[in-house]
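For reference, the structure discussed in these notes is given below.
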Amino acid sequence: MRRRKFLALMGAAGVGLALGKTPAHAASNAHFEGYPDAKAVLFDATRCIGCRKCEEACNKVNKLPAPAKPFTDLTVLDTERRTSAKAHTVVNKYMPAGAKGPVFRKIQCNHCQEPACASACFVRAFKKNPDGSVTYDASVCVGCRYCIMACPFNVPTYEYDEPLTPRVMKCTMCHPQITAGELNMPGCVGACPKEALAYGKRSDLLKIAHARIATFPDRYVDHVYGEREMGGTNWLYLSGVPFKELGMREDLGVTSAPEMTSGALTVVPMVAALWPALLGGIWAISKSNEKTADKERMEAVKAAIDSNQAANDAKLAKFKEQAEKDKADSIEREVKKALEEAAAAAKEEEGA
Amino acid sequence: MTAETKKSLFTPFNIFAGIVVIIGLVLTVLRFTKGIGSVTNLDDNNPWGIWIGFDLLCGVALAAGGFTTSAAAYLFGIKKYNSAVRPAILTAFLGYALVVFALHYDVGRPWRLVYPIFYQPGTTSLLYEVGLCVFLYLSVLAIEYSVAALEWLGLKKLRGLVHKLTLVLTIFGVVLSTLHQSSLGALYLIAPSKLHPLWYSAYLPIQFFVSAIAVGLSMVIFEGTLSHKAFHDKMDATYLAQHDGVVLGFARAASVVLAAYLGIKLIALGADNNWKYLLTGWGAWYLFEILGFVALPSLLYAIGSRERNLPLIKWTAGLTVLGIVLNRFNVSLVAFNWQLPSAQRYFPSWGEIGVSLFVVVVGILAFRFIVTRMPIFYEHPDFKDAH
């Protein structure tokens, strides 16, 4: 009985482990290569001069508040910055060892082909659009900030000072403005005086990027950042120095964010389906054990009572027998005594 | 505690609780008039602080006593644990209610917390799963707990109806707990580039689930010890007679679960071949957690239950609870964003600590309010099938 219970428990534990171990992919073999006509932006760090014109254009297009220091103030570049709720893009200056001078790198949303933010959002506030951009809908946002946790590029920002209507803020690749016909390319791209930014079909830009590397192999690192990082992004980068020197992570891998969580998600319906059966089974076993134990106890009690009864009966019979024997003996004794007395009396009479 | 006369109102705890509640209310006003930024140290690099790391992750883990105890008593049929179920369910119910309460401070627009469930579910998100399960489990716990409240109110018919649901609710509770306890760990699967490799693992969901069982068992022991001091007069003969058995049995179970947890932690270490990190400073911190708060309590529980050493078991329960809090802090705060320069790392503000403390104190006050009035530590004389 105890063995059966043990096996049931072990079975439950074993299935639990097995389920966790085999992350069968929810999307089977499907691999999303991005929308076919998706646009992208190519940033070439060898061309960027750190003039902050892109920052200014972004600020204007998105109607963001004016910064404390004007965009013409280039001393801002002396400290490393990141995107904020008031700046969807920033340019940073790096002094890589071996480079002739400073190298600049622009940060903004990379518009992943399979965005971590969209995968992490529990109200589907993020959307990957066919034009390649990733946009956000504040009208459903709860403000949990899991998107900010999930983003491998540390891009989305939050309006922490808004008490009741805080929004997640990030670059939209000017999707609303381009859709409305106000712009024909993102604001930053249009403002770049050095053609360090180029806007076009992602597939075309990839060809251009690789062509530049092939034409000037000494000028470029042989890698287009964003071609495959985190499943590929719609913002591509070329650089003359290792990307690590420009504050870019080189250890992100090529697995998209949704693939990292699909395994855990596939376990959910299995637990929901199998746990009740297993737990119900364990309950049934323990219940039946209890019943059997009860029955056995009852039988044992009955047997004990029965054997007690028999012993008592035997004892009683013995007592009775003894008592009867005693009675018979005493009668015999009395009779004998009476006879003896009678005989003695007769003798006396004879003698007298 | 029964006679709440004017004399007994100004106990040291009540004064402390009163101050915390006042601070909490002030912080509440600040949060909803000046924004999250005014009371927290959260920023764009560190969007989740102790309101998630402690209030949510630890809150849910520490409330795991509810499903472990009810499963042991009602599903595995260990009847000597029956009297431990009600206090454990009450703790779990209050724990989850407070988790949801605390989330109202953390999320930007708390009135939309129902959106993922009723308006626009984002089913690819692990957080959706957490939200759905916590919502459903809180409902289950409310129903399970309501039996005691209905007995208190004397609503016999309704109480009988709810009592009949015990088995179904228990199974549903275990299913939901399995799912969301593990999903809290799975939340971090999406960010391998941010969490230190010693804590990041594909096994995070299972690690969170198994450690939740260990801490759930420990919380029953720990909380029973505290309750014994405060509410001894409320406990009936059955509860008191079964109490030592519960402590010994749970200690033995917790020892085994902690050993299993240690095993899967080591498997994760080996699976990702992370041994090399053990020699770094992070490795020392990892070993401190694993040896001091997993291996050690497992051993101490084993010794304690073998030698029937109740004080040792009670201290070990405290150590285990502390260890899981440390683990959740490590995953969500300490080892998260480990590559950022120290100037950009997060440390909680006084405002955040104040709100978390406020939430805990509200929980203790609610617990006291209920156990001094409702049949939690004793059977209601009219309802003898309660246990």
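Letters A, B, ... mark the chains of the structure tokens in the order given; residue numbers begin at 1 per chain; ligand numbers begin at 1, in order shown.
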Just the alpha helix (DSSP H) stuff from region 43-282 of chain A, please, per backbone DSSP, written as a PyMOL selection string.
chain A and resi 53-61+116-120+146-150+175-179+187-191+202-215+257-282
Enumerate, in order of chain and increasing residue number, the residues of chain B with an atom no farther than 6 Å from chain A, each with its shortest atom pair and distance in Å to one decimal, counting only C-alpha atoms, as a tab-separated table.
residue	atom	partner	partner_atom	distance
B:Phe32	CA	A:Pro163	CA	5.2
B:Thr33	CA	A:Pro163	CA	5.4
B:Lys34	CA	A:Pro163	CA	5.2
B:Gly35	CA	A:Pro163	CA	3.5
B:Ile36	CA	A:Tyr160	CA	5.4
B:Gly37	CA	A:Tyr160	CA	4.5
B:Asp44	CA	A:Thr157	CA	5.1
B:Leu75	CA	A:Trp283	CA	4.5
B:Phe76	CA	A:Trp283	CA	5.8
B:Gly77	CA	A:Ser286	CA	5.5
B:Val107	CA	A:Cys144	CA	4.8
B:Gly108	CA	A:Gly143	CA	4.2
B:Arg109	CA	A:Val142	CA	5.2
B:Arg112	CA	A:Val142	CA	5.4
B:Pro116	CA	A:Val123	CA	5.0
B:Gln120	CA	A:Val123	CA	5.2
B:Pro121	CA	A:Val123	CA	5.0
B:Gly122	CA	A:Phe122	CA	4.0
B:Thr124	CA	A:Ser119	CA	5.6
B:Ser125	CA	A:Ala120	CA	4.6
B:Tyr128	CA	A:Phe122	CA	4.8
B:Ile190	CA	A:Ala257	CA	5.7
B:Ala191	CA	A:Ala150	CA	5.5
Suppose we keep C-alpha atoms; can you now write the selection as a PDB file, in the first residue's frame?
ATOM      1  CA  PHE B  32      -0.517  58.830  -6.883  1.00  0.00           C
ATOM      2  CA  THR B  33       0.069  62.565  -7.073  1.00  0.00           C
ATOM      3  CA  LYS B  34       3.738  62.876  -7.983  1.00  0.00           C
ATOM      4  CA  GLY B  35       4.371  59.597  -9.795  1.00  0.00           C
ATOM      5  CA  ILE B  36       6.380  56.437  -9.239  1.00  0.00           C
ATOM      6  CA  GLY B  37       9.599  58.368  -9.770  1.00  0.00           C
ATOM      7  CA  ASP B  44      15.014  53.182 -17.317  1.00  0.00           C
ATOM      8  CA  LEU B  75      -4.797  15.053  -1.618  1.00  0.00           C
ATOM      9  CA  PHE B  76      -2.071  12.908  -0.065  1.00  0.00           C
ATOM     10  CA  GLY B  77      -4.481  12.071   2.747  1.00  0.00           C
ATOM     11  CA  VAL B 107       2.227  49.495 -12.200  1.00  0.00           C
ATOM     12  CA  GLY B 108       1.656  52.802 -13.925  1.00  0.00           C
ATOM     13  CA  ARG B 109      -2.113  52.551 -14.382  1.00  0.00           C
ATOM     14  CA  ARG B 112      -5.998  48.585 -15.984  1.00  0.00           C
ATOM     15  CA  PRO B 116      -4.652  41.442 -19.718  1.00  0.00           C
ATOM     16  CA  GLN B 120      -6.632  42.386 -24.574  1.00  0.00           C
ATOM     17  CA  PRO B 121      -4.691  39.306 -23.453  1.00  0.00           C
ATOM     18  CA  GLY B 122      -1.087  39.052 -24.569  1.00  0.00           C
ATOM     19  CA  THR B 124       2.887  35.219 -25.572  1.00  0.00           C
ATOM     20  CA  SER B 125       3.887  36.849 -22.291  1.00  0.00           C
ATOM     21  CA  TYR B 128       0.146  37.163 -18.717  1.00  0.00           C
ATOM     22  CA  ILE B 190      13.591  36.434 -21.765  1.00  0.00           C
ATOM     23  CA  ALA B 191      16.624  38.339 -20.467  1.00  0.00           C
TER      24      ALA B 191
END
Find the residue from B:Thr123, B:Phe336, B:Lys265, B:Ser255 that sits nearest to His196 (chain B); use only C-alpha atoms when measuring.
B:Phe336
Residues flagged strand (DSSP E or B) by DSSP in region 13-147 of chain A, as number ranges by chain:
A: 39-44, 84, 87, 90-94, 103-107, 112, 126-128, 134-136
Please indicate the distance in Å from CA of Lys69 (chain A) to CA of Asn92 (chain A), rounded to one decimal place.
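Here the two named atoms are 15.4 Å from each other.
Proximity of B:Ile267, B:Ala317, B:Leu279, B:Ile353 to Ala202 (chain B), computed with only C-alpha atoms, is greatest for B:Ile267.
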Give the answer as one residue: which of B:Ala84, B:Leu153, B:Ile376, B:Val355 has the shortest atom-to-atom distance to Ala241 (chain B), using only C-alpha atoms?
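So, comparing all the options, the nearest one is B:Ala84.
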Enter the distance from CA of His104 (chain B) to CA of Leu56 (chain B), in Å, rounded to one decimal.
11.3 Å
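CA of Leu155 (chain B) sits 11.1 Å away from CA of Phe383 (chain B).
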For Phe93 (chain B): contacts at 9 Å, only C-alpha atoms, fewer than 3 positions along chain excluded, given as an mmCIF file with all heavy atoms, in the first residue's frame:
data_model
loop_
_atom_site.group_PDB
_atom_site.id
_atom_site.type_symbol
_atom_site.label_atom_id
_atom_site.label_comp_id
_atom_site.auth_asym_id
_atom_site.auth_seq_id
_atom_site.Cartn_x
_atom_site.Cartn_y
_atom_site.Cartn_z
ATOM 1 N N ALA B 63 3.771 32.621 0.279
ATOM 2 C CA ALA B 63 2.380 32.195 0.435
ATOM 3 C C ALA B 63 2.170 30.778 -0.088
ATOM 4 O O ALA B 63 1.044 30.296 -0.151
ATOM 5 C CB ALA B 63 1.456 33.169 -0.288
ATOM 6 N N GLY B 66 0.049 27.564 1.504
ATOM 7 C CA GLY B 66 -1.359 27.250 1.294
ATOM 8 C C GLY B 66 -1.556 26.014 0.453
ATOM 9 O O GLY B 66 -2.222 25.061 0.864
ATOM 10 N N ALA B 88 -2.738 28.013 7.133
ATOM 11 C CA ALA B 88 -1.930 28.119 5.910
ATOM 12 C C ALA B 88 -2.733 28.757 4.787
ATOM 13 O O ALA B 88 -2.229 29.596 4.035
ATOM 14 C CB ALA B 88 -1.430 26.739 5.487
ATOM 15 N N ILE B 89 -4.004 28.366 4.667
ATOM 16 C CA ILE B 89 -4.862 28.958 3.624
ATOM 17 C C ILE B 89 -5.076 30.443 3.897
ATOM 18 O O ILE B 89 -5.030 31.276 2.983
ATOM 19 C CB ILE B 89 -6.223 28.216 3.560
ATOM 20 C CG1 ILE B 89 -6.044 26.797 3.014
ATOM 21 C CG2 ILE B 89 -7.227 28.990 2.717
ATOM 22 C CD1 ILE B 89 -5.761 26.719 1.540
ATOM 23 N N LEU B 90 -5.274 30.776 5.153
ATOM 24 C CA LEU B 90 -5.481 32.189 5.486
ATOM 25 C C LEU B 90 -4.228 33.004 5.135
ATOM 26 O O LEU B 90 -4.322 34.082 4.531
ATOM 27 C CB LEU B 90 -5.808 32.347 6.976
ATOM 28 C CG LEU B 90 -5.918 33.792 7.454
ATOM 29 C CD1 LEU B 90 -7.055 34.516 6.748
ATOM 30 C CD2 LEU B 90 -6.100 33.874 8.966
ATOM 31 N N TYR B 96 -1.546 36.614 -1.108
ATOM 32 C CA TYR B 96 -1.863 36.923 -2.505
ATOM 33 C C TYR B 96 -2.645 38.222 -2.616
ATOM 34 O O TYR B 96 -2.433 39.020 -3.527
ATOM 35 C CB TYR B 96 -2.647 35.776 -3.145
ATOM 36 C CG TYR B 96 -1.754 34.670 -3.629
ATOM 37 C CD1 TYR B 96 -1.341 33.665 -2.771
ATOM 38 C CD2 TYR B 96 -1.280 34.647 -4.935
ATOM 39 C CE1 TYR B 96 -0.504 32.659 -3.196
ATOM 40 C CE2 TYR B 96 -0.437 33.649 -5.368
ATOM 41 C CZ TYR B 96 -0.057 32.649 -4.496
ATOM 42 O OH TYR B 96 0.780 31.668 -4.927
ATOM 43 N N ALA B 97 -3.565 38.440 -1.683
ATOM 44 C CA ALA B 97 -4.337 39.682 -1.726
ATOM 45 C C ALA B 97 -3.387 40.872 -1.615
ATOM 46 O O ALA B 97 -3.542 41.882 -2.310
ATOM 47 C CB ALA B 97 -5.357 39.697 -0.592
ATOM 48 N N LEU B 98 -2.362 40.736 -0.761
ATOM 49 C CA LEU B 98 -1.426 41.841 -0.577
ATOM 50 C C LEU B 98 -0.493 41.992 -1.773
ATOM 51 O O LEU B 98 -0.076 43.102 -2.090
ATOM 52 C CB LEU B 98 -0.627 41.631 0.707
ATOM 53 C CG LEU B 98 -1.493 41.824 1.951
ATOM 54 C CD1 LEU B 98 -0.773 41.327 3.181
ATOM 55 C CD2 LEU B 98 -1.884 43.278 2.110
ATOM 56 N N TYR B 137 -6.050 32.069 -8.749
ATOM 57 C CA TYR B 137 -5.701 31.438 -7.466
ATOM 58 C C TYR B 137 -6.188 32.285 -6.303
ATOM 59 O O TYR B 137 -6.613 31.743 -5.281
ATOM 60 C CB TYR B 137 -4.195 31.208 -7.382
ATOM 61 C CG TYR B 137 -3.798 30.370 -6.180
ATOM 62 C CD1 TYR B 137 -4.515 29.222 -5.837
ATOM 63 C CD2 TYR B 137 -2.717 30.723 -5.381
ATOM 64 C CE1 TYR B 137 -4.172 28.462 -4.736
ATOM 65 C CE2 TYR B 137 -2.364 29.963 -4.283
ATOM 66 C CZ TYR B 137 -3.095 28.838 -3.961
ATOM 67 O OH TYR B 137 -2.751 28.094 -2.862
ATOM 68 N N LEU B 138 -6.130 33.604 -6.457
ATOM 69 C CA LEU B 138 -6.652 34.468 -5.400
ATOM 70 C C LEU B 138 -8.142 34.195 -5.211
ATOM 71 O O LEU B 138 -8.642 34.151 -4.083
ATOM 72 C CB LEU B 138 -6.395 35.938 -5.746
ATOM 73 C CG LEU B 138 -6.862 36.968 -4.711
ATOM 74 C CD1 LEU B 138 -6.187 36.723 -3.361
ATOM 75 C CD2 LEU B 138 -6.550 38.382 -5.177
ATOM 76 N N SER B 139 -8.850 33.969 -6.327
ATOM 77 C CA SER B 139 -10.272 33.635 -6.231
ATOM 78 C C SER B 139 -10.466 32.296 -5.524
ATOM 79 O O SER B 139 -11.340 32.156 -4.661
ATOM 80 C CB SER B 139 -10.904 33.559 -7.623
ATOM 81 O OG SER B 139 -10.498 34.650 -8.408
ATOM 82 N N VAL B 140 -9.634 31.304 -5.880
ATOM 83 C CA VAL B 140 -9.728 29.993 -5.239
ATOM 84 C C VAL B 140 -9.484 30.121 -3.737
ATOM 85 O O VAL B 140 -10.234 29.578 -2.919
ATOM 86 C CB VAL B 140 -8.704 29.011 -5.864
ATOM 87 C CG1 VAL B 140 -8.552 27.772 -5.002
ATOM 88 C CG2 VAL B 140 -9.128 28.632 -7.267
ATOM 89 N N LEU B 141 -8.424 30.865 -3.378
ATOM 90 C CA LEU B 141 -8.102 31.033 -1.960
ATOM 91 C C LEU B 141 -9.229 31.755 -1.223
ATOM 92 O O LEU B 141 -9.535 31.425 -0.074
ATOM 93 C CB LEU B 141 -6.793 31.814 -1.807
ATOM 94 C CG LEU B 141 -5.524 31.023 -2.085
ATOM 95 C CD1 LEU B 141 -4.325 31.961 -2.152
ATOM 96 C CD2 LEU B 141 -5.299 29.967 -1.016
ATOM 97 N N ALA B 142 -9.837 32.732 -1.891
ATOM 98 C CA ALA B 142 -10.930 33.462 -1.256
ATOM 99 C C ALA B 142 -12.077 32.502 -0.939
ATOM 100 O O ALA B 142 -12.664 32.553 0.143
ATOM 101 C CB ALA B 142 -11.405 34.590 -2.161
ATOM 102 N N GLU B 144 -11.795 29.171 -0.595
ATOM 103 C CA GLU B 144 -11.344 28.219 0.429
ATOM 104 C C GLU B 144 -11.398 28.857 1.817
ATOM 105 O O GLU B 144 -11.814 28.242 2.790
ATOM 106 C CB GLU B 144 -9.909 27.750 0.120
ATOM 107 C CG GLU B 144 -9.825 26.794 -1.049
ATOM 108 C CD GLU B 144 -8.424 26.227 -1.224
ATOM 109 O OE1 GLU B 144 -7.470 27.009 -1.386
ATOM 110 O OE2 GLU B 144 -8.280 24.997 -1.199
ATOM 111 N N TYR B 145 -10.936 30.116 1.868
ATOM 112 C CA TYR B 145 -10.936 30.809 3.158
ATOM 113 C C TYR B 145 -12.355 31.107 3.624
ATOM 114 O O TYR B 145 -12.639 31.091 4.826
ATOM 115 C CB TYR B 145 -10.123 32.103 3.050
ATOM 116 C CG TYR B 145 -10.555 33.134 4.057
ATOM 117 C CD1 TYR B 145 -10.240 32.972 5.408
ATOM 118 C CD2 TYR B 145 -11.321 34.229 3.674
ATOM 119 C CE1 TYR B 145 -10.672 33.890 6.342
ATOM 120 C CE2 TYR B 145 -11.767 35.148 4.598
ATOM 121 C CZ TYR B 145 -11.447 34.977 5.933
ATOM 122 O OH TYR B 145 -11.890 35.867 6.852
#
So that I can check the surroundings of Met173 (chain A), please list as a list in words every protein, DNA and RNA residue that reaches within 10 Å of it, counting only C-alpha atoms and ignoring chain neighbours fewer than 5 positions away.
Lys39, Ala40, Val41, Cys58, His88, Gln108, Cys109, Asn110, His111, Asp131, Gly132, Ser133, Val134, Thr135, Ile178, Met185, Pro186, Gly187, Cys188, Val189, Tyr199, Asn234 and Trp235 of chain A
